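A.B. asks: Sharing a structure here in structure tokens format.
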Amino acid sequence: MEFCSKSTLPASFDAYSSCHLCPRSCGCDRSVKTGVCGMTDELRISRVGLHMWEEPCISGSSGSGTIFFTGCNLGCVFCQNHEISRRLSESERGSSSFFALSGRAYTVSEFSDAMLSLEKQGANNINFVTGTHFVPHIVEGVRLARERGLTIPTLYNCGGYESVETIKMLEGSIDIYLPDMKFFSSEISKKYAHAADYFERAKEAIAEMVRQCPEQVFDENGIIQKGVIVRHLMLPGLLFDSKHILDYLCETYGNSITISLMNQYTPMPGVPEELDRPVSSEHYRSMIDHLTLLGQENAFIQEGGTVSESFIPDFE
């Protein structure tokens, strides 16, 4: 049975009628056409399932309960989930046909059922992956799932290109924030993600996340229950950009957050020539050494051999 009809949707769903949920602030009426994210106001999910390859304190031995949303507001040229997240251009907007075969539509009730099902399967948390453009649904879905008995933490897993006002909407609904901080240079973020303002928006968003979750809390098994983990995926040839990001995070937050330094970049078909190679092991080791010099004690690093399509979920 439907949880609510169009006429009884929460007031927060009005955000879809003139969408400013992300920094693109396209103002699109998503009830009648797709926004820059490629999505209408219909909740669309591409994958629900346990995921074993997140950070150890997230996946543990039983897995993270991931819910992958279709669409994305960022559109990185190297995205490993490009088949579900590709951002539409101006000429392509107005139809969601590109995503017709990616995932399916969910009601709020079905969405909350998915969370409860993941908990029953043993998930350590409910992991919302790239849900920026569906935040009103996330807030309402979590509320309903909690009413129905959901007890495990909720986690907001995003690309970092967020609006502070949208992150404020999540307060009380999200226990753990897992943002990326992808780029420092505006030239680089413009070139690879069409977002010259990426660092400024990510900086503001992470500050709000830390305000909401200022301390890290773990259970007796080392599984995170509350806090902020910031990921940085190193890209080939961009060593100094990575250094600036680590400098900023350590100088601003120190060990009140955890930094996840990732070397799993996997070149996708069609990436620019300069990105068509893995990250140098020497560059990755130098950034690990740099984190140590900065005094960062709360950090995850990856061992060699992580460049593999095994990290890419199956969306079929």
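Residues in the structure tokens are named by chain (A, B, ... in the order shown) and by number from 1 within that chain; ligands are numbered from 1 in the order shown.
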Could you give me, as a list in words, the residues within 9 Å of stretch 23-27 of chain A, counting only C-alpha atoms and dropping anything in the same chain fewer than 3 positions from it?

C.D. replies: Tyr16, Ser17, Ser18, Cys19, His20, Arg30, Gly35, Val36, Cys37, Asn73, Leu74, Tyr161, Glu162, Ser163, Val164, Ala195, Asp197, Tyr198 and Arg201 of chain A

A.B. asks: Ranking A:Tyr253, A:Phe300, A:Tyr192, A:Phe111 by minimum distance to A:Val77 and counting only C-alpha atoms, which one comes first?

C.D. replies: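 Ranking A:Tyr253, A:Phe300, A:Tyr192, A:Phe111 by distance to A:Val77, first place goes to A:Tyr192.
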
A.B. asks: Can you pull out every residue from stretch 116-169 of chain A that DSSP, working from the backbone, puts in strand (DSSP E or B), and format the result as number ranges by chain?

C.D. replies: A: 126-129, 154-158

A.B. asks: Could you write those residues out with C-alpha atoms, as a PDB file, in the first residue's frame?

C.D. replies:
ATOM      1  CA  ILE A 126      22.032   1.947   6.079  1.00  0.00           C
ATOM      2  CA  ASN A 127      24.353   3.543   3.541  1.00  0.00           C
ATOM      3  CA  PHE A 128      22.713   6.129   1.242  1.00  0.00           C
ATOM      4  CA  VAL A 129      24.996   6.434  -1.798  1.00  0.00           C
ATOM      5  CA  THR A 154      22.197   5.729   8.923  1.00  0.00           C
ATOM      6  CA  LEU A 155      25.078   6.929   6.748  1.00  0.00           C
ATOM      7  CA  TYR A 156      25.123   9.658   4.074  1.00  0.00           C
ATOM      8  CA  ASN A 157      27.710   8.741   1.422  1.00  0.00           C
ATOM      9  CA  CYS A 158      28.218  11.596  -1.042  1.00  0.00           C
TER      10      CYS A 158
END

A.B. asks: In terms of the shortest atom-to-atom distance over only C-alpha atoms, which of A:Val108, A:Met268, A:Leu170, A:Met181 is closest to A:Ala145?

C.D. replies: A:Val108

A.B. asks: Just give me the gap between atom CA of A:Cys213 and atom CA of A:Ile45 in Å, one decimal is fine.

C.D. replies: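 These atoms are spaced 26.7 Å apart.
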
A.B. asks: List the spatial neighbours of A:Phe134 as JSON, numbers by chain - criterion: any atom at most 10 Å away, only C-alpha atoms, same-chain residues fewer than 3 positions off excluded.

C.D. replies: {"A": [13, 15, 16, 21, 39, 40, 41, 42, 43, 44, 69, 70, 71, 72, 130, 131, 137, 138, 139]}

A.B. asks: Using C-alpha atoms, can you write the selected residues to a file as a short mmCIF file (atom, residue, chain, number, x, y, z; two decimals), in the first residue's frame?

C.D. replies:
data_model
loop_
_atom_site.label_atom_id
_atom_site.label_comp_id
_atom_site.auth_asym_id
_atom_site.auth_seq_id
_atom_site.Cartn_x
_atom_site.Cartn_y
_atom_site.Cartn_z
CA PHE A 13 8.94 17.57 -1.03
CA ALA A 15 11.87 21.37 -2.85
CA TYR A 16 11.43 19.33 -6.02
CA LEU A 21 19.02 20.83 -3.37
CA MET A 39 16.21 12.80 -12.20
CA THR A 40 12.57 13.81 -11.78
CA ASP A 41 10.89 13.86 -8.35
CA GLU A 42 10.28 10.11 -8.63
CA LEU A 43 12.58 8.25 -6.25
CA ARG A 44 14.74 5.94 -8.32
CA PHE A 69 20.40 6.16 -5.97
CA THR A 70 20.17 6.76 -9.70
CA GLY A 71 21.48 10.06 -11.03
CA CYS A 72 24.10 12.48 -9.71
CA THR A 130 24.78 9.64 -3.87
CA GLY A 131 21.40 10.73 -2.53
CA HIS A 137 12.86 11.19 0.33
CA ILE A 138 15.77 10.18 2.57
CA VAL A 139 14.46 12.23 5.50
#

A.B. asks: Atom CA of A:Ile58 and atom CA of A:Phe183, how far apart in Å?

C.D. replies: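 These two atoms are separated by 23.8 Å.
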
A.B. asks: In terms of the shortest atom-to-atom distance over only C-alpha atoms, which of A:Asn125, A:Ser185, A:Thr166, A:Asn298 is closest to A:Ile229?

C.D. replies: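 The shortest atom-to-atom distance to A:Ile229 comes from A:Asn298.
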
A.B. asks: When DSSP works through the backbone of this structure, what residues of stretch 28-219 of chain A end up as helix (DSSP H, G or I), shown as an MDAnalysis selection string?

C.D. replies: chainID A and resid 56:59 82:85 97:99 108:120 132:147 164:169 186:193 198:212

A.B. asks: Quick one: residues within 12 Å of A:Glu274, only C-alpha atoms, excluding same-chain residues fewer than 6 positions away - as JSON, numbers by chain?

C.D. replies: {"A": [77, 78, 192, 235, 236, 237, 238, 267]}

A.B. asks: Please identify all polymer residues within 9 Å of A:Trp53, counting only C-alpha atoms, omitting same-chain residues fewer than 4 positions from it, and present them as a list in words.

C.D. replies: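 Result of the neighbour search: Ile58, Ser59, Gly63, Ser64 and Phe311 of chain A.
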
A.B. asks: Kindly give the distance, in Å, that separates atom CA of A:Glu208 and atom CA of A:Leu178, rounded to a single decimal.

C.D. replies: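 Computing the Euclidean distance for atom CA of A:Glu208 and atom CA of A:Leu178 yields 12.6 Å.
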
A.B. asks: Which neighbours of A:Thr252 fall inside 12 Å, counting only C-alpha atoms, when residues of the same chain fewer than 3 positions from it are skipped, and could you give them as a compact mmCIF listing (two decimals) with N, CA and C atoms, in the first residue's frame?

C.D. replies:
# COMPACT_ATOMS: atom_id res chain seq x y z
N LYS A 203 33.92 22.24 1.34
CA LYS A 203 34.43 22.76 2.61
C LYS A 203 33.28 23.19 3.52
N GLU A 204 32.32 23.91 2.96
CA GLU A 204 31.17 24.36 3.74
C GLU A 204 30.31 23.18 4.21
N ILE A 206 31.19 19.97 4.65
CA ILE A 206 31.86 19.16 5.65
C ILE A 206 31.83 19.85 7.01
N ALA A 207 31.96 21.18 7.02
CA ALA A 207 31.88 21.91 8.28
C ALA A 207 30.52 21.69 8.94
N VAL A 210 30.36 18.11 10.37
CA VAL A 210 31.10 18.00 11.63
C VAL A 210 30.34 18.70 12.76
N ILE A 245 44.55 19.13 -0.11
CA ILE A 245 43.34 18.63 0.54
C ILE A 245 43.68 18.06 1.92
N LEU A 246 44.72 17.23 1.99
CA LEU A 246 45.11 16.65 3.28
C LEU A 246 45.56 17.73 4.25
N ASP A 247 46.28 18.73 3.75
CA ASP A 247 46.69 19.85 4.61
C ASP A 247 45.47 20.53 5.21
N TYR A 248 44.48 20.81 4.37
CA TYR A 248 43.29 21.51 4.85
C TYR A 248 42.54 20.68 5.89
N LEU A 249 42.31 19.41 5.60
CA LEU A 249 41.53 18.58 6.52
C LEU A 249 42.24 18.41 7.86
N ASN A 255 42.22 15.14 14.40
CA ASN A 255 41.74 13.78 14.65
C ASN A 255 40.29 13.73 15.11
N SER A 256 39.56 14.83 14.95
CA SER A 256 38.13 14.78 15.26
C SER A 256 37.36 14.11 14.13
N ILE A 257 38.00 13.97 12.96
CA ILE A 257 37.43 13.22 11.85
C ILE A 257 38.39 12.09 11.49
N LEU A 294 51.77 15.19 9.31
CA LEU A 294 50.74 16.12 9.77
C LEU A 294 50.17 15.72 11.13
N GLN A 296 48.21 13.05 11.68
CA GLN A 296 46.88 12.45 11.59
C GLN A 296 46.91 11.00 12.07

A.B. asks: Counting only C-alpha atoms, which residue out of A:Gln302, A:His232, A:Arg285, A:Ile224 sits closest to A:Cys57?

C.D. replies: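 Under the stated criterion, the closest residue is A:Ile224.
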